[in-house]
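First comes the structure, then the notes that go with it.
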Number of protein chains: 2
Amino acid sequence: MNLFTRNTDYAARALLYMGGRVGQRVSTVDIQRDLKLPRPFMRKILQQLQKEGYLVSVKGYNGGFTLAMPPGKIRLIDLMRIFQGDFSLSDCLFQKKLCQCVAACPLRRELKAAEKMLVDRLKGVTLADLMRP
Amino acid sequence: MNLFTRNTDYAARALLYMGGRVGQRVSTVDIQRDLKLPRPFMRKILQQLQKEGYLVSVKGYNGGFTLAMPPGKIRLIDLMRIFQGDFSLSDCLFQKKLCQCVAACPLRRELKAAEKMLVDRLKGVTLADLMRP
DNA sequence: ACAAATGGTACTTATATGGTATCATTAATA
DNA sequence: TATTAATGATACCATATAAGTACCATTTGT
């Protein structure tokens with residue numbers, strides 16, 4: 001199983017790339033050239049990041065993207081939330097009828113706790129942390 | 001996103017059910033009746049658990065399943081491994097060419113560490129833990 | 001012999017992931 | 001002002017995984 005999807009992975013790479021080029025405008029062409037990532041897919045990803053406020057975009061001739069905030073403000077967990085959604089615990093919703101306990105259920109309780117620990121840890125990791133080798 | 005799939009979830013529920021009926025033989029009919037889980041799917045799940053050595057099965061007339069070991073020996077993480085595979089970090093394999101760093105990559109390193117923390121925690125949780133309210 | 005269970009396997013369906021294509025819009029520049 | 005190079009928005013396609021079913025063979029108690 002996989003804690004991370006490709007979306008999130010690519011997003012992180014692209015953002016790190018931009019983090020190393022602060023002030024410069026970066027286009028998907030640049031990213032494709034330097035990171036060898038599929039351009040149309042990358043566009044979709046960067047558009048999402050723009051919508052979420054992590055990137056500023058400029059259309060037109062020398063258009064492209066720039067970071068909307070310093071790398072220290074972008075957390076790994078934010079990217080995961082954007083591209084993978086919140087952690088949800090095998091959607092209890094649909095199981096409501098079979099698991100009346102929900103809140104009390106020891107299985108849920110335990111998993112929820114493990115999940116929280118993971119999230120708390122990931123909350124502490126920003127792109128800036130990943131940039132210093 | 002989901003740390004847990006339905007397979008794993010159902011498996012845990014079924015095993016907990018059996019944990020409360022030690023010595024008794026439990027059939028998928030019993031489980032369907034009491035837990036309201038789809039029988040054919042449950043069969044597949046229990047068959048896998050049998051293959052992995054967590055259940056003993058008896059065919060024939062009063063056939064069914066019993067736990068092959070005490071609930072204290074069955075860890076949540078084992079169920080996840082059976083039904084969801086090992087944690088794998090957005091399969092670096094395919095990305096080898098774009099990410100030569102692999103071992104050194106700060107993104108991988110960080111995620112690997114977070115993952116390890118999660119697994120270590122889940123390793124500590126057995127079905128027995130979930131049985132005491 | 002028959003009924004009630006699992007073993008094994010192949011199949012179907014639903015959903016999520018990964019990725020492409022297209023057209024509209026914007027902006028610089030010749 | 002026409003062209004070109006970029007993103008915005010959206011719809012679409014392909015593949016993989018998850019979720020679930022169906023079927024036939026085998027075993028076993030009555």
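Note on naming: chains are A, B, ... as they come in the structure tokens, residues start from 1 per chain, ligands start from 1 in the order shown.
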
**Q.** Distance filter 7 Å, only C-alpha atoms, chain A against chain B, as a count of residues only
**A.** 23

Could you make a table, as a tab-separated table, of the residues of chain A that have an atom within 10 Å of an atom of chain D, each with its nearest atom pair and distance in Å to one decimal, counting only C-alpha atoms (C1' of nucleotides), in chain and number order?
residue	atom	partner	partner_atom	distance
A:Ser27	CA	D:DA6	C1'	7.8
A:Thr28	CA	D:DA6	C1'	9.2
A:Val29	CA	D:DA6	C1'	9.5
A:Arg43	CA	D:DT7	C1'	8.4
A:Lys44	CA	D:DG8	C1'	9.9
A:Leu46	CA	D:DT7	C1'	9.9
A:Gln47	CA	D:DG8	C1'	7.9
A:Ser57	CA	D:DT7	C1'	7.2
A:Val58	CA	D:DT7	C1'	6.8
A:Lys59	CA	D:DT7	C1'	4.7
A:Gly60	CA	D:DA6	C1'	4.4
A:Tyr61	CA	D:DA5	C1'	4.7
A:Asn62	CA	D:DA6	C1'	6.2
A:Gly63	CA	D:DA6	C1'	4.9
A:Gly64	CA	D:DA6	C1'	6.7
A:Phe65	CA	D:DT7	C1'	9.0

Counting only C-alpha atoms (C1' of nucleotides), which residues of chain C sit at most 6 Å from some atom of chain A, and what is each one's closest atom pair with its distance in Å to one decimal, listed by chain and rising residue number, as CSV?
residue,atom,partner,partner_atom,distance
C:DG19,C1',A:Phe41,CA,5.9
C:DT26,C1',A:Gly60,CA,4.9
C:DA27,C1',A:Gly60,CA,4.2
C:DA28,C1',A:Tyr61,CA,5.2

Next, dump the selected residues to file, keeping only N, CA and C atoms (P, O5', C5', C4', C3', O3' and C1' of nucleotides), as an mmCIF file, in the first residue's frame.
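Contents of the output file result_31.cif:
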data_model
loop_
_atom_site.group_PDB
_atom_site.id
_atom_site.type_symbol
_atom_site.label_atom_id
_atom_site.label_comp_id
_atom_site.auth_asym_id
_atom_site.auth_seq_id
_atom_site.Cartn_x
_atom_site.Cartn_y
_atom_site.Cartn_z
ATOM 1 P P DG C 19 1.286 9.090 -14.634
ATOM 2 O "O5'" DG C 19 0.432 9.704 -15.828
ATOM 3 C "C5'" DG C 19 -0.016 8.815 -16.861
ATOM 4 C "C4'" DG C 19 -0.962 9.554 -17.763
ATOM 5 C "C3'" DG C 19 -0.446 10.874 -18.336
ATOM 6 O "O3'" DG C 19 -0.059 10.650 -19.672
ATOM 7 C "C1'" DG C 19 -2.780 10.891 -17.853
ATOM 8 P P DT C 26 -9.296 36.990 -20.426
ATOM 9 O "O5'" DT C 26 -7.722 37.147 -20.305
ATOM 10 C "C5'" DT C 26 -7.009 36.403 -19.316
ATOM 11 C "C4'" DT C 26 -5.538 36.421 -19.654
ATOM 12 C "C3'" DT C 26 -4.969 37.806 -19.951
ATOM 13 O "O3'" DT C 26 -3.948 38.069 -19.003
ATOM 14 C "C1'" DT C 26 -4.237 36.204 -21.534
ATOM 15 P P DA C 27 -3.429 39.573 -18.738
ATOM 16 O "O5'" DA C 27 -2.071 39.542 -19.583
ATOM 17 C "C5'" DA C 27 -1.068 38.601 -19.215
ATOM 18 C "C4'" DA C 27 0.035 38.619 -20.236
ATOM 19 C "C3'" DA C 27 0.495 40.018 -20.662
ATOM 20 O "O3'" DA C 27 1.903 40.045 -20.550
ATOM 21 C "C1'" DA C 27 0.043 38.701 -22.563
ATOM 22 P P DA C 28 2.689 41.397 -20.485
ATOM 23 O "O5'" DA C 28 3.809 41.130 -21.596
ATOM 24 C "C5'" DA C 28 4.685 40.019 -21.436
ATOM 25 C "C4'" DA C 28 5.252 39.652 -22.787
ATOM 26 C "C3'" DA C 28 6.017 40.774 -23.484
ATOM 27 O "O3'" DA C 28 7.261 40.250 -23.904
ATOM 28 C "C1'" DA C 28 4.382 39.856 -24.938
#

Q) Quick one: DSSP strand (DSSP E or B) residues in range 42-96 of chain B, as a list in words? A) Leu55, Val56, Ser57, Val58, Gly64, Phe65, Thr66, Leu67 and Arg75 of chain B

Write the residues of the preceding selection, restricted to N, CA and C atoms, as an mmCIF file, in the first residue's frame.
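Written output follows (part_31.cif):
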data_model
loop_
_atom_site.group_PDB
_atom_site.id
_atom_site.type_symbol
_atom_site.label_atom_id
_atom_site.label_comp_id
_atom_site.auth_asym_id
_atom_site.auth_seq_id
_atom_site.Cartn_x
_atom_site.Cartn_y
_atom_site.Cartn_z
ATOM 1 N N LEU B 55 -6.325 -18.715 10.603
ATOM 2 C CA LEU B 55 -7.542 -19.467 10.880
ATOM 3 C C LEU B 55 -7.337 -20.945 10.560
ATOM 4 N N VAL B 56 -8.073 -21.777 11.269
ATOM 5 C CA VAL B 56 -8.150 -23.188 10.933
ATOM 6 C C VAL B 56 -9.530 -23.417 10.362
ATOM 7 N N SER B 57 -9.592 -24.121 9.240
ATOM 8 C CA SER B 57 -10.901 -24.340 8.637
ATOM 9 C C SER B 57 -11.271 -25.808 8.676
ATOM 10 N N VAL B 58 -12.551 -26.060 8.755
ATOM 11 C CA VAL B 58 -13.064 -27.410 8.677
ATOM 12 C C VAL B 58 -14.162 -27.425 7.623
ATOM 13 N N GLY B 64 -16.586 -24.814 9.329
ATOM 14 C CA GLY B 64 -16.452 -23.400 9.674
ATOM 15 C C GLY B 64 -15.012 -23.081 10.023
ATOM 16 N N PHE B 65 -14.829 -21.950 10.680
ATOM 17 C CA PHE B 65 -13.474 -21.501 11.002
ATOM 18 C C PHE B 65 -13.297 -21.312 12.501
ATOM 19 N N THR B 66 -12.060 -21.508 12.928
ATOM 20 C CA THR B 66 -11.705 -21.123 14.301
ATOM 21 C C THR B 66 -10.348 -20.427 14.261
ATOM 22 N N LEU B 67 -10.098 -19.612 15.255
ATOM 23 C CA LEU B 67 -8.816 -18.924 15.338
ATOM 24 C C LEU B 67 -7.691 -19.933 15.491
ATOM 25 N N ARG B 75 -1.818 -9.222 15.022
ATOM 26 C CA ARG B 75 -1.633 -7.769 15.039
ATOM 27 C C ARG B 75 -2.371 -7.123 13.877
#

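We find CA of Gly72 in chain B and CA of Asp30 in chain B to be spaced 23.0 Å apart.
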
Q | One-decimal distance in Å that lies between CA of Thr126 in chain B and CA of Lys73 in chain B | A |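 These atoms are spaced 6.5 Å apart.
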
Q. Distance CA of Ala14 in chain B-CA of Ile31 in chain B, one decimal place?
A.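 Separation between CA of Ala14 in chain B and CA of Ile31 in chain B: 7.0 Å.
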